[in-house]
$ cat upload_19.cif   # mmCIF, C-alpha atoms
data_work
loop_
_atom_site.label_atom_id
_atom_site.label_comp_id
_atom_site.auth_asym_id
_atom_site.auth_seq_id
_atom_site.Cartn_x
_atom_site.Cartn_y
_atom_site.Cartn_z
CA MET A 186 -32.72 36.78 33.79
CA PRO A 187 -32.75 33.55 31.82
CA THR A 188 -35.75 32.86 29.56
CA ASP A 189 -38.08 29.89 30.12
CA SER A 190 -36.50 28.23 27.06
CA GLU A 191 -33.03 28.60 28.51
CA ILE A 192 -34.14 27.20 31.86
CA ALA A 193 -35.85 24.29 30.09
CA CYS A 194 -32.60 23.52 28.24
CA PHE A 195 -30.64 23.72 31.49
CA GLU A 196 -33.08 21.25 33.07
CA ALA A 197 -32.68 18.89 30.10
CA GLY A 198 -28.90 19.02 30.46
CA ILE A 199 -29.15 18.05 34.14
CA LYS A 200 -31.05 14.91 33.12
CA PHE A 201 -28.33 13.85 30.66
CA GLY A 202 -25.55 14.43 33.18
CA THR A 203 -27.55 12.34 35.65
CA LEU A 204 -28.17 9.50 33.21
CA TYR A 205 -24.56 9.31 32.19
CA HIS A 206 -22.80 9.67 35.51
CA GLN A 207 -25.27 7.79 37.69
CA PHE A 208 -25.48 4.67 35.59
CA THR A 209 -22.34 4.21 33.51
CA GLY A 210 -20.24 1.51 35.17
CA THR A 211 -23.27 -0.69 35.91
CA PRO A 212 -22.56 -4.39 35.21
CA VAL A 213 -24.82 -5.33 32.28
CA ASP A 214 -25.47 -8.23 29.89
CA HIS A 215 -28.15 -9.02 27.30
CA GLU A 216 -30.53 -10.39 29.89
CA SER A 217 -30.32 -7.50 32.32
CA ALA A 218 -30.20 -4.68 29.74
CA PRO A 219 -34.00 -4.31 29.23
CA GLY A 220 -34.67 -4.00 32.97
CA LEU A 221 -31.83 -1.54 33.34
CA GLU A 222 -33.19 0.57 30.45
CA ARG A 223 -36.58 0.81 32.19
CA ALA A 224 -35.02 1.55 35.61
CA MET A 225 -32.94 4.34 34.08
CA GLU A 226 -35.94 5.81 32.27
CA GLU A 227 -38.05 5.78 35.42
CA ALA A 228 -35.24 7.28 37.49
CA ILE A 229 -34.79 10.18 35.07
CA GLU A 230 -38.55 10.69 34.75
CA ASN A 231 -38.66 11.23 38.52
CA GLN A 232 -36.61 14.38 38.09
CA PRO A 233 -38.38 17.75 37.88
CA HIS A 234 -39.93 18.75 34.52
CA CYS A 235 -38.97 15.52 32.74
CA THR A 236 -41.96 14.19 30.81
CA GLU A 237 -40.27 11.37 28.95
CA ALA A 238 -37.01 9.46 28.90
CA SER A 239 -36.41 6.74 26.33
CA ILE A 240 -33.16 4.80 26.57
CA THR A 241 -31.86 2.01 24.36
CA VAL A 242 -28.85 -0.15 25.14
CA HIS A 243 -28.04 -1.55 21.69
CA ASP A 244 -27.73 -5.31 21.41
CA ASP A 245 -25.06 -5.22 18.71
CA ARG A 246 -22.89 -2.80 20.66
CA LEU A 247 -23.37 -4.91 23.77
CA ASP A 248 -22.24 -7.96 21.77
CA ASP A 249 -19.07 -6.18 20.76
CA ALA A 250 -18.41 -4.99 24.30
CA ILE A 251 -18.94 -8.31 26.09
CA ASP A 252 -15.89 -10.55 26.32
CA PRO A 253 -17.41 -14.07 26.15
CA GLU A 254 -15.06 -15.27 28.87
CA ILE A 255 -16.30 -12.52 31.21
CA GLY A 256 -19.95 -12.72 30.17
CA TYR A 257 -20.92 -9.13 30.92
CA THR A 258 -19.59 -5.62 30.54
CA GLU A 259 -19.98 -2.24 32.23
CA LEU A 260 -22.54 0.15 30.83
CA GLN A 261 -20.79 2.92 28.94
CA GLY A 262 -22.16 5.94 27.10
CA PRO A 263 -21.36 4.59 23.61
CA LEU A 264 -23.49 1.50 24.25
CA MET A 265 -26.70 3.50 24.53
CA ASP A 266 -28.83 6.12 22.81
CA ALA A 267 -31.25 8.27 24.77
CA GLU A 268 -34.03 10.75 24.13
CA ILE A 269 -35.20 12.98 26.94
CA THR A 270 -38.08 15.48 26.85
CA VAL A 271 -38.45 18.31 29.34
CA GLU A 272 -41.40 20.66 29.73
CA TYR A 273 -40.99 23.87 31.66
CA GLU A 274 -43.51 26.72 31.78
CA GLY A 275 -45.05 25.73 28.46
CA VAL A 276 -41.73 25.20 26.69
CA THR A 277 -40.96 21.70 25.39
CA VAL A 278 -37.33 20.74 24.85
CA ARG A 279 -36.43 17.54 23.00
CA THR A 280 -32.89 16.29 23.46
CA LYS A 281 -30.94 13.28 22.26
CA MET A 282 -27.74 11.41 22.94
CA GLU A 283 -26.38 9.33 20.09
CA LEU A 284 -23.09 8.09 18.74
CA GLU A 285 -21.24 10.47 16.44
CA ASP A 286 -17.80 9.32 15.27
CA GLY A 287 -17.74 6.86 18.16
CA TYR A 288 -18.44 9.50 20.77
CA PRO A 289 -21.82 9.83 22.57
CA ARG A 290 -23.00 13.34 21.70
CA MET A 291 -25.74 15.04 23.68
CA ARG A 292 -27.75 17.54 21.66
CA VAL A 293 -30.79 19.80 21.90
CA ARG A 294 -32.98 18.78 18.98
CA ASN A 295 -35.69 21.38 19.25
CA VAL A 296 -37.29 23.90 21.56
CA GLU A 297 -40.99 24.66 21.17
CA GLY A 298 -43.49 26.98 22.76
CA MET B 213 -1.74 -17.15 50.05
CA PRO B 214 -5.36 -16.36 50.90
CA THR B 215 -7.76 -19.27 51.44
CA ASP B 216 -10.80 -19.88 49.23
CA SER B 217 -13.01 -18.64 52.07
CA GLU B 218 -11.07 -15.41 52.31
CA ILE B 219 -11.25 -14.87 48.56
CA ALA B 220 -14.98 -15.61 48.62
CA CYS B 221 -15.44 -12.97 51.35
CA PHE B 222 -13.37 -10.47 49.35
CA GLU B 223 -15.59 -11.10 46.33
CA ALA B 224 -18.72 -10.56 48.43
CA GLY B 225 -17.35 -7.26 49.69
CA ILE B 226 -16.78 -6.07 46.11
CA LYS B 227 -20.47 -6.64 45.37
CA PHE B 228 -21.57 -4.52 48.33
CA GLY B 229 -19.24 -1.68 47.42
CA THR B 230 -20.63 -1.87 43.90
CA LEU B 231 -24.26 -1.86 45.00
CA TYR B 232 -23.77 1.07 47.31
CA HIS B 233 -21.60 3.33 45.20
CA GLN B 234 -23.08 2.58 41.79
CA PHE B 235 -26.68 3.15 42.71
CA THR B 236 -27.01 5.51 45.68
CA GLY B 237 -28.03 8.89 44.33
CA THR B 238 -30.55 7.41 41.87
CA PRO B 239 -33.81 9.40 41.78
CA VAL B 240 -36.48 7.04 43.17
CA ASP B 241 -40.15 7.07 44.20
CA HIS B 242 -42.68 4.38 45.17
CA GLU B 243 -43.53 3.60 41.56
CA SER B 244 -39.97 3.21 40.32
CA ALA B 245 -38.56 1.43 43.38
CA PRO B 246 -39.54 -2.15 42.38
CA GLY B 247 -37.97 -1.86 38.93
CA LEU B 248 -34.86 -0.33 40.43
CA GLU B 249 -34.61 -3.17 42.97
CA ARG B 250 -34.69 -5.73 40.12
CA ALA B 251 -32.21 -3.78 37.98
CA MET B 252 -29.79 -3.56 40.92
CA GLU B 253 -30.13 -7.27 41.67
CA GLU B 254 -29.50 -8.23 38.06
CA ALA B 255 -26.54 -5.88 37.80
CA ILE B 256 -24.88 -7.37 40.88
CA GLU B 257 -25.67 -10.93 39.78
CA ASN B 258 -23.72 -10.22 36.59
CA GLN B 259 -20.56 -9.90 38.65
CA PRO B 260 -18.26 -12.92 39.03
CA HIS B 261 -19.19 -15.58 41.59
CA CYS B 262 -22.43 -13.86 42.67
CA THR B 263 -25.23 -16.41 42.78
CA GLU B 264 -27.94 -14.26 44.33
CA ALA B 265 -28.65 -10.66 45.18
CA SER B 266 -31.87 -9.67 46.93
CA ILE B 267 -32.50 -5.98 47.52
CA THR B 268 -35.44 -4.28 49.22
CA VAL B 269 -36.10 -0.55 49.17
CA HIS B 270 -38.46 -0.20 52.13
CA ASP B 271 -41.74 1.59 51.49
CA ASP B 272 -41.96 3.12 54.94
CA ARG B 273 -38.44 4.51 54.78
CA LEU B 274 -39.14 5.84 51.29
CA ASP B 275 -42.25 7.55 52.66
CA ASP B 276 -40.20 9.27 55.33
CA ALA B 277 -37.53 10.30 52.80
CA ILE B 278 -39.84 11.73 50.14
CA ASP B 279 -40.79 15.36 50.57
CA PRO B 280 -44.34 15.48 49.15
CA GLU B 281 -43.59 18.77 47.40
CA ILE B 282 -40.63 17.17 45.61
CA GLY B 283 -42.30 13.80 44.98
CA TYR B 284 -39.18 11.66 44.90
CA THR B 285 -35.90 11.22 46.73
CA GLU B 286 -32.41 9.92 46.00
CA LEU B 287 -31.67 6.32 46.83
CA GLN B 288 -29.51 6.13 49.95
CA GLY B 289 -28.06 3.19 51.81
CA PRO B 290 -30.39 3.50 54.81
CA LEU B 291 -33.45 3.14 52.55
CA MET B 292 -32.55 -0.40 51.56
CA ASP B 293 -31.61 -3.81 52.90
CA ALA B 294 -29.65 -6.27 50.80
CA GLU B 295 -28.60 -9.91 50.89
CA ILE B 296 -25.86 -11.10 48.57
CA THR B 297 -24.59 -14.67 48.16
CA VAL B 298 -21.24 -15.52 46.61
CA GLU B 299 -19.91 -18.95 45.70
CA TYR B 300 -16.23 -19.44 45.06
CA GLU B 301 -14.47 -22.78 44.69
CA GLY B 302 -17.10 -24.60 46.72
CA VAL B 303 -17.32 -21.99 49.47
CA THR B 304 -20.64 -20.20 49.95
CA VAL B 305 -20.63 -16.80 51.64
CA ARG B 306 -23.87 -15.15 52.74
CA THR B 307 -23.74 -11.44 53.44
CA LYS B 308 -26.24 -8.81 54.47
CA MET B 309 -26.65 -5.07 54.65
CA GLU B 310 -29.19 -3.79 57.13
CA LEU B 311 -29.86 -0.78 59.32
CA GLU B 312 -28.20 -0.81 62.71
CA ASP B 313 -28.63 2.34 64.80
CA GLY B 314 -29.58 4.21 61.64
CA TYR B 315 -26.43 3.20 59.80
CA PRO B 316 -26.42 0.61 56.97
CA ARG B 317 -24.08 -2.11 58.18
CA MET B 318 -22.63 -4.67 55.82
CA ARG B 319 -21.86 -8.01 57.44
CA VAL B 320 -20.70 -11.53 56.62
CA ARG B 321 -23.43 -13.77 58.00
CA ASN B 322 -21.86 -17.15 57.36
CA VAL B 323 -19.21 -18.98 55.39
CA GLU B 324 -19.80 -22.60 54.42
CA GLY B 325 -17.90 -25.29 52.63
CA MET C 265 -33.02 24.93 15.84
CA PRO C 266 -31.92 25.82 19.37
CA THR C 267 -30.15 29.15 19.90
CA ASP C 268 -26.56 29.38 21.13
CA SER C 269 -27.90 30.55 24.50
CA GLU C 270 -30.14 27.52 24.78
CA ILE C 271 -27.29 25.17 23.88
CA ALA C 272 -25.04 26.91 26.40
CA CYS C 273 -27.68 26.39 29.11
CA PHE C 274 -28.04 22.72 28.11
CA GLU C 275 -24.28 22.31 28.43
CA ALA C 276 -24.32 23.92 31.87
CA GLY C 277 -27.05 21.54 32.99
CA ILE C 278 -24.96 18.55 31.91
CA LYS C 279 -22.16 19.72 34.19
CA PHE C 280 -24.47 19.92 37.21
CA GLY C 281 -25.91 16.47 36.58
CA THR C 282 -22.35 15.19 36.31
CA LEU C 283 -21.18 16.85 39.51
CA TYR C 284 -24.11 15.58 41.48
CA HIS C 285 -24.38 12.04 40.25
CA GLN C 286 -20.69 11.27 39.79
CA PHE C 287 -19.55 12.39 43.21
CA THR C 288 -22.37 12.18 45.75
CA GLY C 289 -21.78 9.08 47.84
CA THR C 290 -18.02 9.73 48.14
CA PRO C 291 -16.73 9.07 51.67
CA VAL C 292 -15.60 12.47 53.00
CA ASP C 293 -14.36 14.08 56.20
CA HIS C 294 -12.90 17.51 57.11
CA GLU C 295 -9.41 16.49 56.06
CA SER C 296 -10.31 15.08 52.68
CA ALA C 297 -12.94 17.68 51.72
CA PRO C 298 -10.54 20.31 50.27
CA GLY C 299 -8.83 17.77 47.97
CA LEU C 300 -12.18 16.41 46.89
CA GLU C 301 -13.44 19.93 46.10
CA ARG C 302 -10.44 20.51 43.81
CA ALA C 303 -10.74 17.09 42.17
CA MET C 304 -14.43 17.72 41.44
CA GLU C 305 -13.70 21.18 40.04
CA GLU C 306 -10.96 19.87 37.76
CA ALA C 307 -13.13 16.95 36.61
CA ILE C 308 -15.98 19.26 35.63
CA GLU C 309 -13.62 21.77 33.99
CA ASN C 310 -12.45 18.95 31.71
CA GLN C 311 -15.90 18.82 30.17
CA PRO C 312 -16.60 20.73 26.95
CA HIS C 313 -17.26 24.49 27.18
CA CYS C 314 -16.80 24.65 30.97
CA THR C 315 -14.57 27.58 31.83
CA GLU C 316 -14.90 27.50 35.61
CA ALA C 317 -16.24 25.28 38.35
CA SER C 318 -16.09 26.37 41.98
CA ILE C 319 -17.29 23.94 44.62
CA THR C 320 -17.49 24.35 48.38
CA VAL C 321 -18.19 21.57 50.84
CA HIS C 322 -19.28 23.53 53.90
CA ASP C 323 -17.48 22.76 57.15
CA ASP C 324 -20.49 23.42 59.35
CA ARG C 325 -22.75 21.17 57.29
CA LEU C 326 -20.05 18.51 57.30
CA ASP C 327 -19.90 18.79 61.10
CA ASP C 328 -23.62 18.19 61.34
CA ALA C 329 -23.46 15.25 58.93
CA ILE C 330 -20.54 13.41 60.52
CA ASP C 331 -21.45 11.03 63.32
CA PRO C 332 -18.41 11.24 65.64
CA GLU C 333 -18.45 7.48 66.14
CA ILE C 334 -18.23 6.94 62.38
CA GLY C 335 -15.80 9.77 61.69
CA TYR C 336 -16.83 10.51 58.11
CA THR C 337 -19.94 10.84 56.00
CA GLU C 338 -20.93 10.45 52.36
CA LEU C 339 -20.92 13.54 50.18
CA GLN C 340 -24.47 14.65 49.52
CA GLY C 341 -25.84 17.54 47.51
CA PRO C 342 -26.97 19.57 50.54
CA LEU C 343 -23.39 19.58 51.92
CA MET C 344 -22.06 21.62 49.02
CA ASP C 345 -22.61 24.76 46.97
CA ALA C 346 -21.32 25.04 43.42
CA GLU C 347 -20.89 27.66 40.72
CA ILE C 348 -20.28 26.57 37.15
CA THR C 349 -19.60 28.82 34.15
CA VAL C 350 -20.02 27.67 30.58
CA GLU C 351 -19.01 29.53 27.43
CA TYR C 352 -20.45 28.48 24.08
CA GLU C 353 -20.14 30.45 20.84
CA GLY C 354 -19.69 33.75 22.64
CA VAL C 355 -22.48 33.15 25.16
CA THR C 356 -21.54 32.98 28.84
CA VAL C 357 -23.87 31.15 31.21
CA ARG C 358 -23.40 31.40 34.97
CA THR C 359 -25.14 28.76 37.07
CA LYS C 360 -25.32 27.96 40.75
CA MET C 361 -26.35 25.19 43.09
CA GLU C 362 -27.25 26.23 46.62
CA LEU C 363 -29.46 25.19 49.48
CA GLU C 364 -33.01 26.49 49.38
CA ASP C 365 -35.32 25.21 52.12
CA GLY C 366 -32.92 22.34 52.71
CA TYR C 367 -32.94 21.25 49.08
CA PRO C 368 -29.97 21.81 46.72
CA ARG C 369 -31.40 23.91 43.90
CA MET C 370 -29.61 24.28 40.58
CA ARG C 371 -30.29 27.56 38.82
CA VAL C 372 -29.24 29.57 35.79
CA ARG C 373 -28.12 32.91 37.21
CA ASN C 374 -27.50 34.79 34.00
CA VAL C 375 -26.91 34.42 30.30
CA GLU C 376 -24.74 36.99 28.53
CA GLY C 377 -23.64 37.66 24.97
CA MET D 140 -19.37 -17.28 62.38
CA PRO D 141 -16.86 -15.74 59.99
CA THR D 142 -13.24 -15.46 61.16
CA ASP D 143 -11.48 -12.13 61.60
CA SER D 144 -9.50 -12.87 58.42
CA GLU D 145 -12.67 -13.44 56.45
CA ILE D 146 -14.22 -10.23 57.76
CA ALA D 147 -11.02 -8.34 56.94
CA CYS D 148 -11.18 -9.67 53.36
CA PHE D 149 -14.85 -8.71 53.10
CA GLU D 150 -13.97 -5.19 54.24
CA ALA D 151 -11.19 -4.98 51.65
CA GLY D 152 -13.60 -6.03 48.92
CA ILE D 153 -16.01 -3.25 49.89
CA LYS D 154 -13.24 -0.69 49.36
CA PHE D 155 -12.54 -1.96 45.83
CA GLY D 156 -16.21 -1.94 44.86
CA THR D 157 -16.37 1.62 46.19
CA LEU D 158 -13.28 2.79 44.32
CA TYR D 159 -14.45 1.32 41.07
CA HIS D 160 -18.11 2.25 41.08
CA GLN D 161 -17.85 5.64 42.77
CA PHE D 162 -15.17 7.08 40.54
CA THR D 163 -15.17 5.42 37.13
CA GLY D 164 -16.82 7.80 34.69
CA THR D 165 -15.04 10.86 36.14
CA PRO D 166 -13.79 13.22 33.40
CA VAL D 167 -9.97 13.11 33.63
CA ASP D 168 -6.89 14.37 31.76
CA HIS D 169 -3.16 14.44 32.50
CA GLU D 170 -3.43 17.61 34.53
CA SER D 171 -6.29 16.50 36.75
CA ALA D 172 -5.20 12.88 37.22
CA PRO D 173 -2.81 13.44 40.18
CA GLY D 174 -5.42 15.37 42.19
CA LEU D 175 -8.02 12.75 41.40
CA GLU D 176 -5.67 9.97 42.54
CA ARG D 177 -5.21 11.71 45.90
CA ALA D 178 -8.93 12.44 46.30
CA MET D 179 -9.75 8.78 45.60
CA GLU D 180 -7.12 7.57 48.07
CA GLU D 181 -8.38 9.88 50.81
CA ALA D 182 -11.99 8.93 50.15
CA ILE D 183 -11.24 5.22 50.47
CA GLU D 184 -9.04 5.76 53.53
CA ASN D 185 -12.05 7.35 55.23
CA GLN D 186 -13.81 4.00 55.15
CA PRO D 187 -13.67 1.71 58.21
CA HIS D 188 -10.52 -0.38 58.74
CA CYS D 189 -8.71 0.97 55.68
CA THR D 190 -5.14 1.91 56.62
CA GLU D 191 -3.80 2.68 53.16
CA ALA D 192 -5.01 3.20 49.62
CA SER D 193 -2.54 3.85 46.81
CA ILE D 194 -3.94 4.55 43.36
CA THR D 195 -2.12 5.23 40.11
CA VAL D 196 -3.75 6.46 36.92
CA HIS D 197 -1.12 5.51 34.34
CA ASP D 198 0.06 8.27 32.02
CA ASP D 199 0.63 5.98 29.05
CA ARG D 200 -2.81 4.42 29.34
CA LEU D 201 -4.33 7.88 29.70
CA ASP D 202 -2.48 8.93 26.53
CA ASP D 203 -4.01 6.03 24.64
CA ALA D 204 -7.48 6.74 26.01
CA ILE D 205 -7.58 10.48 25.32
CA ASP D 206 -8.78 11.47 21.86
CA PRO D 207 -6.74 14.64 21.14
CA GLU D 208 -9.80 16.32 19.64
CA ILE D 209 -11.73 15.72 22.86
CA GLY D 210 -8.84 16.44 25.22
CA TYR D 211 -9.95 14.26 28.12
CA THR D 212 -11.46 10.87 28.80
CA GLU D 213 -13.56 9.18 31.48
CA LEU D 214 -11.77 7.30 34.22
CA GLN D 215 -12.11 3.57 33.65
CA GLY D 216 -10.82 0.62 35.65
CA PRO D 217 -8.17 -0.38 33.08
CA LEU D 218 -6.55 3.07 33.34
CA MET D 219 -5.57 2.59 36.96
CA ASP D 220 -3.85 0.23 39.37
CA ALA D 221 -4.66 0.27 43.07
CA GLU D 222 -3.37 -1.19 46.30
CA ILE D 223 -5.56 -1.17 49.38
CA THR D 224 -4.64 -2.34 52.88
CA VAL D 225 -7.19 -3.18 55.53
CA GLU D 226 -6.56 -3.96 59.20
CA TYR D 227 -9.25 -5.64 61.25
CA GLU D 228 -8.80 -7.09 64.73
CA GLY D 229 -5.08 -7.60 64.24
CA VAL D 230 -5.39 -9.09 60.75
CA THR D 231 -3.76 -7.21 57.87
CA VAL D 232 -5.07 -7.82 54.35
CA ARG D 233 -3.18 -6.50 51.32
CA THR D 234 -5.14 -6.32 48.08
CA LYS D 235 -4.39 -5.14 44.57
CA MET D 236 -6.15 -4.24 41.36
CA GLU D 237 -4.07 -4.48 38.20
CA LEU D 238 -4.47 -5.20 34.50
CA GLU D 239 -4.43 -8.84 33.52
CA ASP D 240 -5.12 -9.57 29.85
CA GLY D 241 -6.66 -6.12 29.52
CA TYR D 242 -9.08 -6.66 32.39
CA PRO D 243 -8.67 -4.96 35.80
CA ARG D 244 -8.41 -7.86 38.26
CA MET D 245 -8.91 -7.36 41.97
CA ARG D 246 -6.99 -9.81 44.14
CA VAL D 247 -6.16 -10.57 47.76
CA ARG D 248 -2.36 -10.64 47.87
CA ASN D 249 -1.85 -11.75 51.45
CA VAL D 250 -3.50 -12.08 54.81
CA GLU D 251 -1.36 -11.76 57.94
CA GLY D 252 -1.91 -12.04 61.64
#

$ encode --input "upload_19.cif" --output "structure tokens"
Amino acid sequence: MPTDSEIACFEAGIKFGTLYHQFTGTPVDHESAPGLERAMEEAIENQPHCTEASITVHDDRLDDAIDPEIGYTELQGPLMDAEITVEYEGVTVRTKMELEDGYPRMRVRNVEG
Amino acid sequence: MPTDSEIACFEAGIKFGTLYHQFTGTPVDHESAPGLERAMEEAIENQPHCTEASITVHDDRLDDAIDPEIGYTELQGPLMDAEITVEYEGVTVRTKMELEDGYPRMRVRNVEG
Amino acid sequence: MPTDSEIACFEAGIKFGTLYHQFTGTPVDHESAPGLERAMEEAIENQPHCTEASITVHDDRLDDAIDPEIGYTELQGPLMDAEITVEYEGVTVRTKMELEDGYPRMRVRNVEG
Amino acid sequence: MPTDSEIACFEAGIKFGTLYHQFTGTPVDHESAPGLERAMEEAIENQPHCTEASITVHDDRLDDAIDPEIGYTELQGPLMDAEITVEYEGVTVRTKMELEDGYPRMRVRNVEG
């Protein structure tokens, strides 16, 4: 039988897979990015056991990704960082996605309780 | 060679395919629906030649779709109506997605210019 | 610091979020379901630490979901069951998604090593 | 009222929006690409009025996109070309997505009938 900590980590992983594969590909520019960040956070926070999702689409990365002749780009993992917290049966799991050598790494930061 | 009207209709179709297949599956409840509507509209309006996207996730359909024990549902086509306007080389195409016999139908309403 | 078992469970969760939110919404019928099952399995097995993904779109549920006048449906979570195995630093995690009271539940079945 | 040709072009556009926004983001490598191509073609061919979808994920572009230390990449529009044919009320529309200056352009090639 898995422990509550293991189940909490599994639940946190589900949220990251959801964030990444539901929303990457979304047409985004500087104006629409803040609203998209909030919509993604609220979507993920709807999922079971998620107490907080904090997502940042970085302006400077967006700048680099947007071809001025096109005027927008598609949301991709490397454009954003994310922190997601899950609570399950008294266990709190804090997880993070951030760029590491150009690749968006998803990691468990700590497990408490 | 396709006419400008035909190209405008093709462009409008792309927007509907995008709306539907990018966003259905998103976890949604009554609180997050308005922000998601805006984020979807802004995403679609980023795409070429789209001058307006208006999307409504209907409260009553959301009510029916949300199991109270779960507290949220996944966005599906039948939960929403959408109107998308495309302008291409002086041609304006107005399109709509709405429920017809329980199935979300996408239609060209009119082509002008 | 998270344990190897906790990280393995996190990784398994990512795969389920990916499966669900990448592929639900895909137009599917009885003929295309087997190829889609394989494509989904191979996609998930590409992800880090995933040693096996086994996905079944159930014929009888597909029957119920397909309106004969439409001839196909969109892939939804309740139409399929899935088993995903992750190995991380000597820990093997077996996970499963299956219908429970009409809702596709994702669970950690066991953690070994 | 839109003409049959305009409706046919609208329908073709829907298929391209579907292809792009349903499947980009899918984890893919050289081994899984052929099965994914077929699964995408069959999915799109399930949609109304689509008589043929032909999709190629290019090996050389996949080579460039795959970091050997990662071993796979995510499917993106620039990795693939696609041809989609729609027939509606006797009108045949042939459409294509291909790279143009590094950007995947979707175009109506011809409208007949």

$ interface_residues --input "upload_19.cif" --of "chain B" --to "chain D" --cutoff "6 Å" --atoms "only C-alpha atoms" --output "number ranges by chain"
B: 213-214, 218, 221-222, 225-226, 228-230, 233-234, 322

$ resolve_selection --input "upload_19.cif" --expression "the PyMOL selection byres ((chain D and resi 171) around 12)" --output "PyMOL selection string"
(chain C and resi 299-300+302-311) or (chain D and resi 165-170+172-178+196+198+201+210-214)

$ closest_residue --input "upload_19.cif" --among "D:Gly164, D:Pro217, D:Pro187, D:Gly252" --to "Gly229 in chain D" --atoms "all atoms listed in the file"
D:Gly252

$ atom_distance --input "upload_19.cif" --atom1 "CA of His234 in chain A" --atom2 "CA of Pro368 in chain C"
16.0 Å

$ closest_residue --input "upload_19.cif" --among "B:Val298, B:Val303, B:Leu311, B:Leu291" --to "Ala277 in chain B" --atoms "only C-alpha atoms"
B:Leu291

$ atom_distance --input "upload_19.cif" --atom1 "CA of Ile330 in chain C" --atom2 "CA of Glu226 in chain D"
22.3 Å

$ atom_distance --input "upload_19.cif" --atom1 "CA of Gly287 in chain A" --atom2 "CA of Pro207 in chain D"
13.8 Å
